[in-house]
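Note sheet for the following structure.
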Amino acid sequence: MATMTMDELRALAERTEDGLRDTFREFEKTAEYHTARVLDAFREFRVSDACFAGTTGYGYDDLGRETLEKIYARVFGAESALVRTTFVNGTHAIACALYGALKSGDTLLSVTGAPYDTLLTAICGDAPGTLRSYGIRYEALELAEDGGPDYDAIERRCAELHPAVVYIQHSRGYADRRALFVEEIGRIAELAHRVSPESAVLVDNCYGEFCERLHPTEVGVDLMAGSLIKNPGGGIAPMGGYVAGRQDLVERAAERLTVPGIGGECGATLESNRLLFQGFFFAPHTVSQALKTASFCAAMLEELGYVTFPGARERRSDIIQTIRLESAENLVRFCQGIQYGSPVDSYAAPVPAPMPGYESEVVMAAGTFIQGASLELSCDGPLREPYLGFMQGGLTYEAGKYGVLCALQRILGC
């Protein structure tokens, strides 16, 4: 890759940005649509200052918690929702949903290949307490050659196995695949329910909220789960996760988070309620900023000869931008540039290191106000071929653009 001066890089950025105006406008229209839905739900459930007061101890009768869960359910088109800061991450929320929906002897069928590394460990790892240790069978179907669902294989295997749970990963994780669109998720749900009516369709919805007009629970999905320090937290929620969908399945997930007989009735919110409400209010806009950052990043790298997916002007269903960086050195340099362009710990230089739940060493840039918050600008990737960088987030497009330019400076040597 030829070197480039900083002036040349800035000129390329200006030309690239001008060519993305129509793409950016589509992101803004989606944000406007979801913002109206969020405001309608705030109005319907009478959000007031009283909702922001937290509880202590057992957390019974927490007005803010109960109101926020009704809002999540309404906006996501679900019967019920569980929104708690006691979910330690998205994997925890998804795992509680799985443990609640499965029992010994059941089968879990993943129809989007192997799940994300950390969740796969909880499903079929060797440690006590995994789904496998409880006698739950696991099987995975690979995606079709075009990167989408293999509908024929899904229909055939659901009819043969009658799995208790059909599992779908909305986003890509650390895999060389595209994210699914909500209509594809809906088609999977329709055919699974048709050939195996007793199956519950469960979606790992991390990174996908507010990217499209519809949510998975509006197209036939029984249950979905995600992290509050990704899209729905709006960059403000300090921790937590959510589960939304069928009321019985949400309650069973709550009983895995706490204990049978208590479920979602307890859970002190301390002083977090205002942040969770405010984060959900900001979420549609902040997600649009992240999508703009991702599109700009893709367009710049395409101009420089790199392979990106999705492409700069392609339709998007999650906030992740995948970049084929071709070498370990480029992956590390790109992540170090993102870190340099971040508001927190900009002086740090990320280096590859082992990470719990991951098979390969991972390099991770995350100069974020909230530790590990993927809606804030970050980039990471495992050090294994083809050396893919997974960039996500950007609380503001302006800061996201700056971070991308810092990353390109490192690679280009300008």
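Residue numbering restarts at 1 for every chain of the structure tokens, chains are lettered A, B, ... in their displayed order, and ligands are numbered from 1 as they appear.
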Closest contacts (stretch 182-266 of chain A/stretch 383-398 of chain A, max 10 Å, only C-alpha atoms) as JSON lines:
{"residue": "A:Tyr207", "atom": "CA", "partner": "A:Gln392", "partner_atom": "CA", "distance": 8.6}
{"residue": "A:Lys230", "atom": "CA", "partner": "A:Gly393", "partner_atom": "CA", "distance": 8.3}
{"residue": "A:Asn231", "atom": "CA", "partner": "A:Gly393", "partner_atom": "CA", "distance": 8.6}
{"residue": "A:Gly234", "atom": "CA", "partner": "A:Leu395", "partner_atom": "CA", "distance": 8.1}
{"residue": "A:Gly235", "atom": "CA", "partner": "A:Leu395", "partner_atom": "CA", "distance": 6.6}
{"residue": "A:Ile236", "atom": "CA", "partner": "A:Leu395", "partner_atom": "CA", "distance": 9.7}
Can I get the selection written as a compact mmCIF listing (two decimals), in the first residue's frame, with N, CA, C and O atoms?
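Generated file (part-v9.txt):
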# COMPACT_ATOMS: atom_id res chain seq x y z
N TYR A 207 -25.96 -5.57 18.56
CA TYR A 207 -25.50 -4.69 17.47
C TYR A 207 -26.59 -4.38 16.44
O TYR A 207 -26.37 -3.58 15.54
N LYS A 230 -24.41 -1.73 24.22
CA LYS A 230 -24.42 -1.65 22.77
C LYS A 230 -25.60 -0.73 22.39
O LYS A 230 -25.88 0.23 23.09
N ASN A 231 -26.29 -1.02 21.32
CA ASN A 231 -27.24 -0.07 20.73
C ASN A 231 -28.30 0.51 21.67
O ASN A 231 -28.47 1.73 21.73
N GLY A 234 -27.76 3.58 24.12
CA GLY A 234 -27.55 4.93 23.62
C GLY A 234 -26.23 5.57 23.99
O GLY A 234 -26.06 6.77 23.87
N GLY A 235 -25.27 4.78 24.48
CA GLY A 235 -24.00 5.33 24.92
C GLY A 235 -24.04 5.93 26.30
O GLY A 235 -23.04 6.51 26.76
N ILE A 236 -25.17 5.79 26.98
CA ILE A 236 -25.33 6.38 28.32
C ILE A 236 -25.53 5.31 29.38
O ILE A 236 -25.03 5.45 30.50
Report task. Extract, using only C-alpha atoms, all DNA, RNA and protein residues at most 9 Å from A:Pro343, discarding same-chain residues fewer than 5 positions from it, and format them as a ChimeraX atom specification. Result -> /A:367-369,399
Using the selection just defined, write its residues with N, CA and C atoms as a short mmCIF file (atom, residue, chain, number, x, y, z; two decimals), in the first residue's frame.
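Printed below is out-v5.cif as written:
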data_model
loop_
_atom_site.label_atom_id
_atom_site.label_comp_id
_atom_site.auth_asym_id
_atom_site.auth_seq_id
_atom_site.Cartn_x
_atom_site.Cartn_y
_atom_site.Cartn_z
N GLY A 367 -11.30 3.13 23.61
CA GLY A 367 -11.11 4.30 24.46
C GLY A 367 -12.45 4.90 24.82
N THR A 368 -13.21 4.17 25.62
CA THR A 368 -14.62 4.48 25.85
C THR A 368 -14.88 5.02 27.25
N PHE A 369 -15.94 5.81 27.37
CA PHE A 369 -16.35 6.32 28.67
C PHE A 369 -16.88 5.19 29.55
N ALA A 399 -16.70 12.53 15.80
CA ALA A 399 -15.64 11.84 16.52
C ALA A 399 -15.29 10.52 15.85
#
Item to complete: Enumerate the residues of stretch 311-343 of chain A with a DSSP assignment of strand (DSSP E or B), computed from the backbone, and present them as a VMD selection string.
Response: chain A and resid 321 to 324
Same residues, all heavy atoms, output as a compact mmCIF listing (two decimals), in the first residue's frame:
# COMPACT_ATOMS: atom_id res chain seq x y z
N GLN A 321 -18.66 -2.80 11.18
CA GLN A 321 -17.98 -2.71 9.90
C GLN A 321 -16.80 -3.68 9.91
O GLN A 321 -15.92 -3.58 10.76
CB GLN A 321 -17.46 -1.29 9.64
CG GLN A 321 -16.73 -1.13 8.33
CD GLN A 321 -17.62 -1.48 7.15
OE1 GLN A 321 -18.72 -0.93 7.02
NE2 GLN A 321 -17.18 -2.37 6.29
N THR A 322 -16.80 -4.61 8.99
CA THR A 322 -15.72 -5.57 8.89
C THR A 322 -14.74 -5.13 7.81
O THR A 322 -15.15 -4.73 6.72
CB THR A 322 -16.26 -6.97 8.56
OG1 THR A 322 -17.26 -7.33 9.52
CG2 THR A 322 -15.15 -8.01 8.62
N ILE A 323 -13.45 -5.21 8.13
CA ILE A 323 -12.40 -4.79 7.21
C ILE A 323 -11.39 -5.93 7.11
O ILE A 323 -10.90 -6.43 8.13
CB ILE A 323 -11.67 -3.54 7.72
CG1 ILE A 323 -12.66 -2.47 8.21
CG2 ILE A 323 -10.74 -2.98 6.66
CD1 ILE A 323 -12.09 -1.58 9.28
N ARG A 324 -11.08 -6.33 5.89
CA ARG A 324 -10.05 -7.35 5.69
C ARG A 324 -8.71 -6.63 5.61
O ARG A 324 -8.34 -6.08 4.57
CB ARG A 324 -10.34 -8.14 4.41
CG ARG A 324 -9.57 -9.46 4.34
CD ARG A 324 -9.80 -10.13 3.00
NE ARG A 324 -11.20 -10.43 2.76
CZ ARG A 324 -11.78 -11.58 3.09
NH1 ARG A 324 -11.08 -12.52 3.69
NH2 ARG A 324 -13.06 -11.79 2.83
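The residue set within 7 Å of A:Cys266, counting only C-alpha atoms and dropping same-chain residues fewer than 6 places from it, reads Tyr58, Gly59 and Tyr60 of chain A.
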Would you list the contacts of stretch 274-281 of chain A as a PDB file with N, CA and C atoms, in the first residue's frame, taking every protein, DNA or RNA residue within 8 Å and counting only C-alpha atoms, but skipping same-chain residues closer than 4 positions in sequence?
ATOM      1  N   THR A  35     -37.171   7.266  16.733  1.00  0.00           N
ATOM      2  CA  THR A  35     -37.298   8.274  17.777  1.00  0.00           C
ATOM      3  C   THR A  35     -38.770   8.561  18.060  1.00  0.00           C
ATOM      4  N   VAL A  38     -40.134   5.701  20.148  1.00  0.00           N
ATOM      5  CA  VAL A  38     -39.675   5.791  21.544  1.00  0.00           C
ATOM      6  C   VAL A  38     -40.455   6.866  22.285  1.00  0.00           C
ATOM      7  N   LEU A  39     -40.616   8.031  21.677  1.00  0.00           N
ATOM      8  CA  LEU A  39     -41.360   9.114  22.327  1.00  0.00           C
ATOM      9  C   LEU A  39     -42.817   8.739  22.546  1.00  0.00           C
ATOM     10  N   CYS A  51     -39.956   8.326  37.829  1.00  0.00           N
ATOM     11  CA  CYS A  51     -39.397   7.083  37.271  1.00  0.00           C
ATOM     12  C   CYS A  51     -37.885   7.008  37.431  1.00  0.00           C
ATOM     13  N   PHE A  52     -37.230   8.141  37.682  1.00  0.00           N
ATOM     14  CA  PHE A  52     -35.772   8.152  37.715  1.00  0.00           C
ATOM     15  C   PHE A  52     -35.220   7.817  39.094  1.00  0.00           C
ATOM     16  N   ALA A  53     -36.082   7.810  40.118  1.00  0.00           N
ATOM     17  CA  ALA A  53     -35.624   7.444  41.456  1.00  0.00           C
ATOM     18  C   ALA A  53     -35.373   5.945  41.513  1.00  0.00           C
ATOM     19  N   LEU A  68     -39.813   1.223  32.431  1.00  0.00           N
ATOM     20  CA  LEU A  68     -38.841   1.042  31.350  1.00  0.00           C
ATOM     21  C   LEU A  68     -39.047  -0.287  30.648  1.00  0.00           C
ATOM     22  N   PRO A 232     -29.070  -0.308  22.406  1.00  0.00           N
ATOM     23  CA  PRO A 232     -30.216   0.276  23.120  1.00  0.00           C
ATOM     24  C   PRO A 232     -29.847   1.137  24.315  1.00  0.00           C
ATOM     25  N   GLY A 233     -28.593   1.087  24.759  1.00  0.00           N
ATOM     26  CA  GLY A 233     -28.178   1.938  25.868  1.00  0.00           C
ATOM     27  C   GLY A 233     -27.838   3.345  25.442  1.00  0.00           C
ATOM     28  N   GLY A 234     -27.758   3.579  24.125  1.00  0.00           N
ATOM     29  CA  GLY A 234     -27.550   4.931  23.622  1.00  0.00           C
ATOM     30  C   GLY A 234     -26.231   5.568  23.991  1.00  0.00           C
ATOM     31  N   GLY A 235     -25.275   4.781  24.478  1.00  0.00           N
ATOM     32  CA  GLY A 235     -24.001   5.333  24.916  1.00  0.00           C
ATOM     33  C   GLY A 235     -24.039   5.930  26.300  1.00  0.00           C
ATOM     34  N   ILE A 236     -25.171   5.788  26.980  1.00  0.00           N
ATOM     35  CA  ILE A 236     -25.333   6.378  28.316  1.00  0.00           C
ATOM     36  C   ILE A 236     -25.533   5.313  29.381  1.00  0.00           C
ATOM     37  N   ALA A 237     -26.281   4.250  29.076  1.00  0.00           N
ATOM     38  CA  ALA A 237     -26.488   3.182  30.067  1.00  0.00           C
ATOM     39  C   ALA A 237     -25.130   2.652  30.522  1.00  0.00           C
ATOM     40  N   PRO A 238     -24.893   2.555  31.823  1.00  0.00           N
ATOM     41  CA  PRO A 238     -23.558   2.191  32.316  1.00  0.00           C
ATOM     42  C   PRO A 238     -23.271   0.695  32.312  1.00  0.00           C
TER      43      PRO A 238
END
Requested in this report: Tell me which protein, DNA and RNA residues are within 8 Å of A:Val404, counting only C-alpha atoms, leaving out same-chain ones fewer than 5 positions away, and put them as a PyMOL selection string.
Outcome: chain A and resi 297+337-338+341
Residue selection dump (N, CA and C atoms) as a PDB file, in the first residue's frame:
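The new file again-v9.pdb reads:
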ATOM      1  N   CYS A 297     -16.030   4.765   7.100  1.00  0.00           N
ATOM      2  CA  CYS A 297     -14.854   3.903   7.224  1.00  0.00           C
ATOM      3  C   CYS A 297     -14.743   2.974   6.014  1.00  0.00           C
ATOM      4  N   GLY A 337      -4.622   3.098  15.998  1.00  0.00           N
ATOM      5  CA  GLY A 337      -5.079   4.400  15.538  1.00  0.00           C
ATOM      6  C   GLY A 337      -6.442   4.758  16.082  1.00  0.00           C
ATOM      7  N   ILE A 338      -7.347   3.781  16.139  1.00  0.00           N
ATOM      8  CA  ILE A 338      -8.669   4.021  16.738  1.00  0.00           C
ATOM      9  C   ILE A 338      -8.516   4.416  18.200  1.00  0.00           C
ATOM     10  N   GLY A 341      -7.391   7.973  18.558  1.00  0.00           N
ATOM     11  CA  GLY A 341      -8.447   8.927  18.260  1.00  0.00           C
ATOM     12  C   GLY A 341      -9.615   8.890  19.208  1.00  0.00           C
TER      13      GLY A 341
END
With distances taken over only C-alpha atoms, the candidate from A:Glu303, A:Asp61, A:Glu314, A:Glu359 nearest A:Ala13 is A:Glu303
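Proximity to A:Val195 was assessed for A:Ile168, A:Cys158, A:Leu141, A:Val182 counting only C-alpha atoms; the smallest distance is recorded for A:Cys158.
Residue nearest A:Arg10 within the list A:Ala328, A:Ala36, A:Met300, A:Leu119: A:Met300 [criterion: smallest interatomic distance, only C-alpha atoms].
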- request: Please identify all polymer residues within 12 Å of A:Pro115, counting only C-alpha atoms, omitting same-chain residues fewer than 4 positions from it, and present them as number ranges by chain.
  value: A: 91, 94-95, 108-111, 119-124, 138-142, 167-175, 203-204, 357-358
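Here the question is which of A:Ser272, A:Gly57, A:Ser317, A:Gly267 gets nearest to A:Glu255 using only C-alpha atoms, and that residue is A:Gly267.
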>> At a cut-off of 10 Å, using only C-alpha atoms, what residues contact A:Leu20? Leave out same-chain residues fewer than 2 positions from it and give the result as JSON, numbers by chain.
In response: {"A": [15, 16, 17, 18, 22, 23, 24, 25, 292, 295, 296, 299, 312, 313]}
I need the residues from that last selection saved to file as a PDB file, in the first residue's frame (with N, CA, C and O atoms), if you can.
ATOM      1  N   ARG A  15     -13.891  14.166  -0.268  1.00  0.00           N
ATOM      2  CA  ARG A  15     -14.560  13.635  -1.463  1.00  0.00           C
ATOM      3  C   ARG A  15     -15.439  12.438  -1.103  1.00  0.00           C
ATOM      4  O   ARG A  15     -16.565  12.290  -1.611  1.00  0.00           O
ATOM      5  N   THR A  16     -14.925  11.601  -0.234  1.00  0.00           N
ATOM      6  CA  THR A  16     -15.662  10.404   0.173  1.00  0.00           C
ATOM      7  C   THR A  16     -16.948  10.769   0.894  1.00  0.00           C
ATOM      8  O   THR A  16     -18.021  10.222   0.625  1.00  0.00           O
ATOM      9  N   GLU A  17     -16.853  11.713   1.786  1.00  0.00           N
ATOM     10  CA  GLU A  17     -18.020  12.145   2.565  1.00  0.00           C
ATOM     11  C   GLU A  17     -19.092  12.742   1.660  1.00  0.00           C
ATOM     12  O   GLU A  17     -20.292  12.483   1.835  1.00  0.00           O
ATOM     13  N   ASP A  18     -18.682  13.525   0.669  1.00  0.00           N
ATOM     14  CA  ASP A  18     -19.642  14.118  -0.267  1.00  0.00           C
ATOM     15  C   ASP A  18     -20.424  13.043  -1.013  1.00  0.00           C
ATOM     16  O   ASP A  18     -21.617  13.223  -1.315  1.00  0.00           O
ATOM     17  N   ASP A  22     -26.517  10.635   0.320  1.00  0.00           N
ATOM     18  CA  ASP A  22     -27.776   9.890   0.221  1.00  0.00           C
ATOM     19  C   ASP A  22     -27.809   8.727   1.211  1.00  0.00           C
ATOM     20  O   ASP A  22     -28.856   8.444   1.819  1.00  0.00           O
ATOM     21  N   THR A  23     -26.678   8.058   1.381  1.00  0.00           N
ATOM     22  CA  THR A  23     -26.594   6.955   2.339  1.00  0.00           C
ATOM     23  C   THR A  23     -26.839   7.459   3.752  1.00  0.00           C
ATOM     24  O   THR A  23     -27.605   6.864   4.523  1.00  0.00           O
ATOM     25  N   PHE A  24     -26.224   8.567   4.091  1.00  0.00           N
ATOM     26  CA  PHE A  24     -26.405   9.144   5.423  1.00  0.00           C
ATOM     27  C   PHE A  24     -27.862   9.536   5.660  1.00  0.00           C
ATOM     28  O   PHE A  24     -28.395   9.374   6.764  1.00  0.00           O
ATOM     29  N   ARG A  25     -28.520  10.058   4.630  1.00  0.00           N
ATOM     30  CA  ARG A  25     -29.919  10.479   4.797  1.00  0.00           C
ATOM     31  C   ARG A  25     -30.812   9.296   5.122  1.00  0.00           C
ATOM     32  O   ARG A  25     -31.764   9.427   5.916  1.00  0.00           O
ATOM     33  N   LYS A 292     -23.244   5.912  10.254  1.00  0.00           N
ATOM     34  CA  LYS A 292     -22.527   6.866   9.414  1.00  0.00           C
ATOM     35  C   LYS A 292     -21.017   6.639   9.518  1.00  0.00           C
ATOM     36  O   LYS A 292     -20.299   6.655   8.512  1.00  0.00           O
ATOM     37  N   SER A 295     -20.093   3.515   7.561  1.00  0.00           N
ATOM     38  CA  SER A 295     -20.159   3.729   6.119  1.00  0.00           C
ATOM     39  C   SER A 295     -18.976   4.559   5.632  1.00  0.00           C
ATOM     40  O   SER A 295     -18.374   4.260   4.587  1.00  0.00           O
ATOM     41  N   PHE A 296     -18.618   5.590   6.381  1.00  0.00           N
ATOM     42  CA  PHE A 296     -17.448   6.408   6.030  1.00  0.00           C
ATOM     43  C   PHE A 296     -16.175   5.571   6.062  1.00  0.00           C
ATOM     44  O   PHE A 296     -15.331   5.648   5.159  1.00  0.00           O
ATOM     45  N   ALA A 299     -16.050   3.319   3.016  1.00  0.00           N
ATOM     46  CA  ALA A 299     -15.782   4.059   1.782  1.00  0.00           C
ATOM     47  C   ALA A 299     -14.307   4.451   1.683  1.00  0.00           C
ATOM     48  O   ALA A 299     -13.694   4.347   0.608  1.00  0.00           O
ATOM     49  N   ALA A 312     -19.625   0.350   1.458  1.00  0.00           N
ATOM     50  CA  ALA A 312     -19.944   1.679   1.985  1.00  0.00           C
ATOM     51  C   ALA A 312     -21.390   2.076   1.751  1.00  0.00           C
ATOM     52  O   ALA A 312     -22.019   2.699   2.608  1.00  0.00           O
ATOM     53  N   ARG A 313     -21.947   1.706   0.606  1.00  0.00           N
ATOM     54  CA  ARG A 313     -23.301   2.144   0.261  1.00  0.00           C
ATOM     55  C   ARG A 313     -24.320   1.013   0.338  1.00  0.00           C
ATOM     56  O   ARG A 313     -25.448   1.164  -0.107  1.00  0.00           O
TER      57      ARG A 313
END
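Across the model, the gap from atom CA of A:Gly381 to atom CA of A:Asp126 is 24.6 Å.
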Legend entry - Backbone-only DSSP, alpha helix (DSSP H) members of stretch 151-275 of chain A, as a PyMOL selection string: chain A and resi 151-161+182-195+247-257+273-275
